[in-house]
2 protein chains.
Amino acid sequence: MPIEYSRPERYNDARYHDLRPADPRRTDLRRPERSFTIRQLCVEFSVTPRALRFYEDKGLLFPARDGMNRVYSTRDRARLQLILRGKRVGFSLSEIREILDLYDEKDGGAVQAARSLKKFRERIEALKQQREDIEGAIQNLEEGCVRLERQLTESRPDLLPRAEAYDSVLRARLDGPADPTLVLSK
Amino acid sequence: MPIEYSRPERYNDARYHDLRPADPRRTDLRRPERSFTIRQLCVEFSVTPRALRFYEDKGLLFPARDGMNRVYSTRDRARLQLILRGKRVGFSLSEIREILDLYDEKDGGAVQAARSLKKFRERIEALKQQREDIEGAIQNLEEGCVRLERQLTESRPDLLPRAEAYDSVLRARLDGPADPTLVLSK
DNA sequence: GCTTGCCCTGACGTTTACGTAAGGGGTATA
DNA sequence: TATACCCCTTACGTAAACGTCAGGGCAAGC
């Protein structure tokens, strides 16, 4: 599984950085000419600058430069989203890179396209298998919950945690960064 | 994602080892008294002995011993299945260990049970989130497939790979080791 | 009795995906 | 002009999950 590190807490705190855009016209996420600093993306997606630079090193991102500074386009941002989702579903960075490369190789000729198609289908099969695994794991855990609930109901019903705590989780997700339109496959 | 290593090919080959059981009465997987050698489990689940010993080191398995040699029960086998599935859905070994521990702690008292229940629910939420991620990734890739297919149909229809190749994949899965009854939650 | 095959226990090596300084520079604010 | 906050590169450090010897033991078959 994805190795989890302890990431400095400050990167989670939006107040830590001034995110006011310099130019109001460039605020709209849907405007393709919108650009982002490295830290803006870091705060939005809860990753560190080191991670973004690392992805660049590995050939998954290639932001433009303003002098020395990196400038990320909406396209870069969309790629980053795909990278992070790829990680969450268990792809390694090199696998994600392959996929992104396949997306880009529109010019690779018909043979390349055929190979890409095959790989895509393989990935899909793997993901469907994984979806089944997750389905099974959820079932297992839910059975465990039922058992524990029965046990608690009989012994200490006062300790029964109600599921309401997860409302906040859901709310947080809804309030989170809106899913911007992906511009990759265009 | 789960880091993938190059595992010696021979562990995939069932013919590599003589798996004939010494005692026919002990052949039936459903018989709880059935036991397994380390290699039998390795061949069945395509893992190495090193991995099983590693899981034991980390407190996820504790097979009995016959002298020096490890002897795995059907319960150990069921745990191994859960371990491997946990890995496939992205849990780290220590997370899997936590879950397995929670399953075992029937005697931990009501407070422990309440904590377990909470953790189980958290896991379930995480898994549902992940299921959504996978759903999204599948959709993305399928859109990519459609694009590639259109492109190929126009340029080189002869190169279009048909999906029949995946029949074999499915067949292989059906012919695979039967899912034995899990004896953990009993 | 020697080889073959399986088992064991250390213990060091490896890959992935970053973390964490160290050292240096630009800009704005007090 | 000092401080704060941002950026950069280079480089060494690290946790997870095993791989890979090295060294030794027990049982079967030739």
# chains A, B, ... in the order shown; residues from 1 in each chain; ligands from 1

call {"tool": "interface_residues", "arguments": {"of": "chain C", "to": "chain B", "cutoff": "9 Å", "atoms": "only C-alpha atoms (C1' of nucleotides)", "output": "mmCIF file with N, CA and C atoms (P, O5', C5', C4', C3', O3' and C1' of nucleotides), in the first residue's frame"}}
result
data_model
loop_
_atom_site.group_PDB
_atom_site.id
_atom_site.type_symbol
_atom_site.label_atom_id
_atom_site.label_comp_id
_atom_site.auth_asym_id
_atom_site.auth_seq_id
_atom_site.Cartn_x
_atom_site.Cartn_y
_atom_site.Cartn_z
ATOM 1 P P DC C 6 11.720 -28.682 -2.733
ATOM 2 O "O5'" DC C 6 11.465 -28.392 -1.194
ATOM 3 C "C5'" DC C 6 10.606 -29.258 -0.461
ATOM 4 C "C4'" DC C 6 10.925 -29.151 1.003
ATOM 5 C "C3'" DC C 6 10.796 -27.740 1.560
ATOM 6 O "O3'" DC C 6 9.587 -27.590 2.306
ATOM 7 C "C1'" DC C 6 12.727 -28.888 2.389
ATOM 8 P P DC C 7 9.290 -26.109 2.856
ATOM 9 O "O5'" DC C 7 10.185 -26.009 4.168
ATOM 10 C "C5'" DC C 7 9.779 -26.710 5.342
ATOM 11 C "C4'" DC C 7 10.816 -26.559 6.428
ATOM 12 C "C3'" DC C 7 11.119 -25.120 6.845
ATOM 13 O "O3'" DC C 7 10.216 -24.678 7.834
ATOM 14 C "C1'" DC C 7 13.109 -26.446 6.733
ATOM 15 P P DC C 8 10.218 -23.125 8.151
ATOM 16 O "O5'" DC C 8 11.569 -22.864 8.950
ATOM 17 C "C5'" DC C 8 11.772 -23.526 10.188
ATOM 18 C "C4'" DC C 8 13.160 -23.225 10.715
ATOM 19 C "C3'" DC C 8 13.471 -21.751 10.872
ATOM 20 O "O3'" DC C 8 13.073 -21.317 12.150
ATOM 21 C "C1'" DC C 8 15.324 -22.934 9.911
ATOM 22 P P DT C 15 17.594 -1.439 -6.297
ATOM 23 O "O5'" DT C 15 16.072 -1.001 -6.349
ATOM 24 C "C5'" DT C 15 15.070 -1.997 -6.493
ATOM 25 C "C4'" DT C 15 13.748 -1.437 -6.020
ATOM 26 C "C3'" DT C 15 13.492 0.008 -6.483
ATOM 27 O "O3'" DT C 15 12.241 0.064 -7.149
ATOM 28 C "C1'" DT C 15 13.141 -0.220 -4.137
ATOM 29 P P DT C 16 11.762 1.432 -7.803
ATOM 30 O "O5'" DT C 16 10.742 1.984 -6.723
ATOM 31 C "C5'" DT C 16 9.731 1.132 -6.218
ATOM 32 C "C4'" DT C 16 8.900 1.886 -5.210
ATOM 33 C "C3'" DT C 16 8.565 3.329 -5.608
ATOM 34 O "O3'" DT C 16 7.191 3.558 -5.329
ATOM 35 C "C1'" DT C 16 9.630 3.311 -3.498
#

call {"tool": "interface_residues", "arguments": {"of": "chain D", "to": "chain B", "cutoff": "12 Å", "atoms": "only C-alpha atoms (C1' of nucleotides)", "output": "PyMOL selection string"}}
result
chain D and resi 15-20+25-26

call {"tool": "write_last_selection", "arguments": {"atoms": "N, CA, C and O atoms (P, O5', C5', C4', C3', O3' and C1' of nucleotides)", "output": "JSON list (two decimals), in the first residue's frame"}}
result
[["chain", "number", "residue", "atom", "x", "y", "z"],
["D", 15, "DA", "P", 12.90, 5.31, 10.14],
["D", 15, "DA", "O5'", 11.48, 4.68, 9.76],
["D", 15, "DA", "C5'", 10.40, 5.55, 9.42],
["D", 15, "DA", "C4'", 9.43, 4.80, 8.54],
["D", 15, "DA", "C3'", 9.23, 3.34, 8.94],
["D", 15, "DA", "O3'", 7.85, 3.01, 8.84],
["D", 15, "DA", "C1'", 10.06, 3.44, 6.73],
["D", 16, "DA", "P", 7.45, 1.48, 9.15],
["D", 16, "DA", "O5'", 7.25, 0.93, 7.66],
["D", 16, "DA", "C5'", 6.38, 1.62, 6.80],
["D", 16, "DA", "C4'", 6.15, 0.80, 5.54],
["D", 16, "DA", "C3'", 5.85, -0.67, 5.79],
["D", 16, "DA", "O3'", 4.85, -1.09, 4.87],
["D", 16, "DA", "C1'", 7.84, -0.47, 4.53],
["D", 17, "DA", "P", 4.19, -2.54, 5.10],
["D", 17, "DA", "O5'", 5.07, -3.46, 4.16],
["D", 17, "DA", "C5'", 5.06, -3.20, 2.76],
["D", 17, "DA", "C4'", 5.96, -4.19, 2.06],
["D", 17, "DA", "C3'", 5.85, -5.65, 2.54],
["D", 17, "DA", "O3'", 5.91, -6.52, 1.43],
["D", 17, "DA", "C1'", 8.06, -4.97, 2.62],
["D", 18, "DC", "P", 5.26, -7.95, 1.54],
["D", 18, "DC", "O5'", 6.26, -8.78, 2.48],
["D", 18, "DC", "C5'", 7.18, -9.69, 1.93],
["D", 18, "DC", "C4'", 8.25, -9.01, 1.11],
["D", 18, "DC", "C3'", 9.30, -9.97, 0.59],
["D", 18, "DC", "O3'", 9.14, -10.20, -0.81],
["D", 18, "DC", "C1'", 10.28, -7.97, 1.45],
["D", 19, "DG", "P", 9.98, -11.41, -1.49],
["D", 19, "DG", "O5'", 11.44, -10.78, -1.74],
["D", 19, "DG", "C5'", 11.62, -9.84, -2.78],
["D", 19, "DG", "C4'", 13.09, -9.75, -3.16],
["D", 19, "DG", "C3'", 13.76, -11.07, -3.55],
["D", 19, "DG", "O3'", 14.73, -10.81, -4.57],
["D", 19, "DG", "C1'", 14.81, -10.21, -1.61],
["D", 20, "DT", "P", 15.51, -11.98, -5.27],
["D", 20, "DT", "O5'", 16.83, -12.14, -4.37],
["D", 20, "DT", "C5'", 17.51, -10.98, -3.94],
["D", 20, "DT", "C4'", 18.74, -11.37, -3.14],
["D", 20, "DT", "C3'", 19.26, -12.79, -3.40],
["D", 20, "DT", "O3'", 20.67, -12.74, -3.46],
["D", 20, "DT", "C1'", 18.90, -12.51, -1.11],
["D", 25, "DG", "P", 24.59, -28.22, 11.79],
["D", 25, "DG", "O5'", 23.09, -28.70, 12.03],
["D", 25, "DG", "C5'", 22.11, -27.81, 12.57],
["D", 25, "DG", "C4'", 20.74, -28.42, 12.34],
["D", 25, "DG", "C3'", 20.77, -29.95, 12.24],
["D", 25, "DG", "O3'", 19.68, -30.53, 12.94],
["D", 25, "DG", "C1'", 19.82, -29.04, 10.28],
["D", 26, "DC", "P", 19.71, -32.12, 13.18],
["D", 26, "DC", "O5'", 18.48, -32.63, 12.30],
["D", 26, "DC", "C5'", 17.17, -32.13, 12.54],
["D", 26, "DC", "C4'", 16.21, -32.67, 11.49],
["D", 26, "DC", "C3'", 16.27, -34.18, 11.30],
["D", 26, "DC", "O3'", 14.94, -34.70, 11.17],
["D", 26, "DC", "C1'", 16.65, -33.13, 9.24]]

call {"tool": "interface_residues", "arguments": {"of": "chain B", "to": "chain A", "cutoff": "6 Å", "atoms": "only C-alpha atoms", "output": "JSON, numbers by chain"}}
result
{"B": [1, 2, 89, 90, 91, 92, 117, 124, 134, 138, 145]}

call {"tool": "write_last_selection", "arguments": {"atoms": "all heavy atoms", "output": "PDB file, in the first residue's frame"}}
result
ATOM      1  N   MET B   1       1.108   2.626  -3.828  1.00  0.00           N
ATOM      2  CA  MET B   1       0.555   1.277  -3.956  1.00  0.00           C
ATOM      3  C   MET B   1       1.502   0.264  -3.443  1.00  0.00           C
ATOM      4  O   MET B   1       2.656   0.514  -3.220  1.00  0.00           O
ATOM      5  CB  MET B   1       0.290   0.964  -5.425  1.00  0.00           C
ATOM      6  CG  MET B   1       0.655  -0.445  -5.801  1.00  0.00           C
ATOM      7  SD  MET B   1      -0.666  -1.625  -5.839  1.00  0.00           S
ATOM      8  CE  MET B   1      -1.128  -1.876  -4.241  1.00  0.00           C
ATOM      9  N   PRO B   2       0.948  -0.880  -3.302  1.00  0.00           N
ATOM     10  CA  PRO B   2       1.795  -1.981  -2.867  1.00  0.00           C
ATOM     11  C   PRO B   2       3.031  -2.063  -3.732  1.00  0.00           C
ATOM     12  O   PRO B   2       2.947  -2.108  -4.947  1.00  0.00           O
ATOM     13  CB  PRO B   2       0.915  -3.216  -3.113  1.00  0.00           C
ATOM     14  CG  PRO B   2      -0.460  -2.698  -3.223  1.00  0.00           C
ATOM     15  CD  PRO B   2      -0.402  -1.262  -3.573  1.00  0.00           C
ATOM     16  N   VAL B  89      -6.093  -4.122  -1.177  1.00  0.00           N
ATOM     17  CA  VAL B  89      -6.935  -2.929  -1.092  1.00  0.00           C
ATOM     18  C   VAL B  89      -6.186  -1.763  -0.466  1.00  0.00           C
ATOM     19  O   VAL B  89      -6.769  -0.723  -0.196  1.00  0.00           O
ATOM     20  CB  VAL B  89      -8.243  -3.175  -0.326  1.00  0.00           C
ATOM     21  CG1 VAL B  89      -9.005  -4.313  -0.969  1.00  0.00           C
ATOM     22  CG2 VAL B  89      -7.977  -3.459   1.133  1.00  0.00           C
ATOM     23  N   GLY B  90      -4.894  -1.940  -0.230  1.00  0.00           N
ATOM     24  CA  GLY B  90      -4.081  -0.783   0.129  1.00  0.00           C
ATOM     25  C   GLY B  90      -3.764  -0.599   1.598  1.00  0.00           C
ATOM     26  O   GLY B  90      -3.217   0.433   1.974  1.00  0.00           O
ATOM     27  N   PHE B  91      -4.074  -1.553   2.447  1.00  0.00           N
ATOM     28  CA  PHE B  91      -3.697  -1.420   3.847  1.00  0.00           C
ATOM     29  C   PHE B  91      -2.229  -1.759   4.029  1.00  0.00           C
ATOM     30  O   PHE B  91      -1.689  -2.614   3.337  1.00  0.00           O
ATOM     31  CB  PHE B  91      -4.542  -2.354   4.720  1.00  0.00           C
ATOM     32  CG  PHE B  91      -5.958  -1.916   4.879  1.00  0.00           C
ATOM     33  CD1 PHE B  91      -6.988  -2.832   4.904  1.00  0.00           C
ATOM     34  CD2 PHE B  91      -6.272  -0.569   5.007  1.00  0.00           C
ATOM     35  CE1 PHE B  91      -8.306  -2.430   5.046  1.00  0.00           C
ATOM     36  CE2 PHE B  91      -7.583  -0.157   5.151  1.00  0.00           C
ATOM     37  CZ  PHE B  91      -8.599  -1.096   5.167  1.00  0.00           C
ATOM     38  N   SER B  92      -1.590  -1.084   4.981  1.00  0.00           N
ATOM     39  CA  SER B  92      -0.232  -1.465   5.338  1.00  0.00           C
ATOM     40  C   SER B  92      -0.305  -2.656   6.281  1.00  0.00           C
ATOM     41  O   SER B  92      -1.350  -2.953   6.855  1.00  0.00           O
ATOM     42  CB  SER B  92       0.477  -0.311   6.029  1.00  0.00           C
ATOM     43  OG  SER B  92      -0.026  -0.142   7.337  1.00  0.00           O
ATOM     44  N   LEU B 117     -15.136  -1.078  17.268  1.00  0.00           N
ATOM     45  CA  LEU B 117     -16.265  -0.733  16.416  1.00  0.00           C
ATOM     46  C   LEU B 117     -16.016   0.592  15.705  1.00  0.00           C
ATOM     47  O   LEU B 117     -16.255   0.727  14.508  1.00  0.00           O
ATOM     48  CB  LEU B 117     -17.536  -0.658  17.267  1.00  0.00           C
ATOM     49  CG  LEU B 117     -18.843  -0.373  16.530  1.00  0.00           C
ATOM     50  CD1 LEU B 117     -19.017  -1.353  15.380  1.00  0.00           C
ATOM     51  CD2 LEU B 117     -20.013  -0.470  17.485  1.00  0.00           C
ATOM     52  N   ILE B 124     -14.240   1.315   7.084  1.00  0.00           N
ATOM     53  CA  ILE B 124     -15.289   1.162   6.077  1.00  0.00           C
ATOM     54  C   ILE B 124     -15.457   2.454   5.288  1.00  0.00           C
ATOM     55  O   ILE B 124     -15.547   2.443   4.056  1.00  0.00           O
ATOM     56  CB  ILE B 124     -16.623   0.761   6.745  1.00  0.00           C
ATOM     57  CG1 ILE B 124     -16.515  -0.670   7.278  1.00  0.00           C
ATOM     58  CG2 ILE B 124     -17.772   0.866   5.766  1.00  0.00           C
ATOM     59  CD1 ILE B 124     -17.726  -1.138   8.061  1.00  0.00           C
ATOM     60  N   ILE B 134     -11.670   4.277  -7.339  1.00  0.00           N
ATOM     61  CA  ILE B 134     -11.514   3.231  -8.345  1.00  0.00           C
ATOM     62  C   ILE B 134     -12.562   3.395  -9.433  1.00  0.00           C
ATOM     63  O   ILE B 134     -12.262   3.297 -10.621  1.00  0.00           O
ATOM     64  CB  ILE B 134     -11.618   1.847  -7.690  1.00  0.00           C
ATOM     65  CG1 ILE B 134     -10.363   1.620  -6.840  1.00  0.00           C
ATOM     66  CG2 ILE B 134     -11.787   0.759  -8.724  1.00  0.00           C
ATOM     67  CD1 ILE B 134     -10.220   0.220  -6.336  1.00  0.00           C
ATOM     68  N   ILE B 138     -11.601   3.876 -13.301  1.00  0.00           N
ATOM     69  CA  ILE B 138     -12.123   3.002 -14.355  1.00  0.00           C
ATOM     70  C   ILE B 138     -12.803   3.834 -15.430  1.00  0.00           C
ATOM     71  O   ILE B 138     -12.569   3.643 -16.629  1.00  0.00           O
ATOM     72  CB  ILE B 138     -13.120   1.973 -13.768  1.00  0.00           C
ATOM     73  CG1 ILE B 138     -12.370   0.950 -12.914  1.00  0.00           C
ATOM     74  CG2 ILE B 138     -13.890   1.277 -14.880  1.00  0.00           C
ATOM     75  CD1 ILE B 138     -13.259  -0.104 -12.290  1.00  0.00           C
ATOM     76  N   CYS B 145     -10.122   4.482 -23.564  1.00  0.00           N
ATOM     77  CA  CYS B 145     -10.295   3.377 -24.500  1.00  0.00           C
ATOM     78  C   CYS B 145     -11.161   3.791 -25.674  1.00  0.00           C
ATOM     79  O   CYS B 145     -10.839   3.524 -26.832  1.00  0.00           O
ATOM     80  CB  CYS B 145     -10.930   2.186 -23.786  1.00  0.00           C
ATOM     81  SG  CYS B 145      -9.757   1.199 -22.830  1.00  0.00           S
TER      82      CYS B 145
END

call {"tool": "closest_residue", "arguments": {"among": "D:DT14, D:DA27, D:DC21, D:DT9", "to": "DG23 in chain C", "atoms": "only C-alpha atoms (C1' of nucleotides)"}}
result
D:DT9

call {"tool": "atom_distance", "arguments": {"atom1": "CA of Arg79 in chain A", "atom2": "C1' of DC7 in chain D"}}
result
22.2 Å

call {"tool": "closest_residue", "arguments": {"among": "A:Leu52, A:Val47, A:Glu98, A:Arg150", "to": "Tyr72 in chain A", "atoms": "only C-alpha atoms"}}
result
A:Leu52

call {"tool": "decode", "arguments": {"residues": "chain D", "atoms": "C-alpha atoms (C1' of nucleotides)", "output": "compact mmCIF listing (two decimals), in the first residue's frame"}}
result
# COMPACT_ATOMS: atom_id res chain seq x y z
C1' DT D 1 17.94 46.96 7.00
C1' DA D 2 16.34 43.18 9.38
C1' DT D 3 12.64 39.80 9.44
C1' DA D 4 9.34 36.92 7.28
C1' DC D 5 7.92 34.08 3.74
C1' DC D 6 8.38 32.40 -0.56
C1' DC D 7 11.25 29.95 -3.99
C1' DC D 8 15.28 26.94 -5.63
C1' DT D 9 18.93 22.82 -5.82
C1' DT D 10 21.78 19.23 -3.88
C1' DA D 11 22.13 15.61 -0.96
C1' DC D 12 21.73 12.50 2.70
C1' DG D 13 18.13 10.04 5.67
C1' DT D 14 14.13 6.85 6.25
C1' DA D 15 10.06 3.44 6.73
C1' DA D 16 7.84 -0.47 4.53
C1' DA D 17 8.06 -4.97 2.62
C1' DC D 18 10.28 -7.97 1.45
C1' DG D 19 14.81 -10.21 -1.61
C1' DT D 20 18.90 -12.51 -1.11
C1' DC D 21 22.73 -14.74 0.63
C1' DA D 22 25.28 -17.33 4.38
C1' DG D 23 25.39 -21.05 7.35
C1' DG D 24 23.30 -25.14 9.38
C1' DG D 25 19.82 -29.04 10.28
C1' DC D 26 16.65 -33.13 9.24
C1' DA D 27 14.62 -36.88 6.02
C1' DA D 28 14.37 -39.45 1.80
C1' DG D 29 16.28 -41.73 -2.08
C1' DC D 30 20.19 -43.65 -4.71
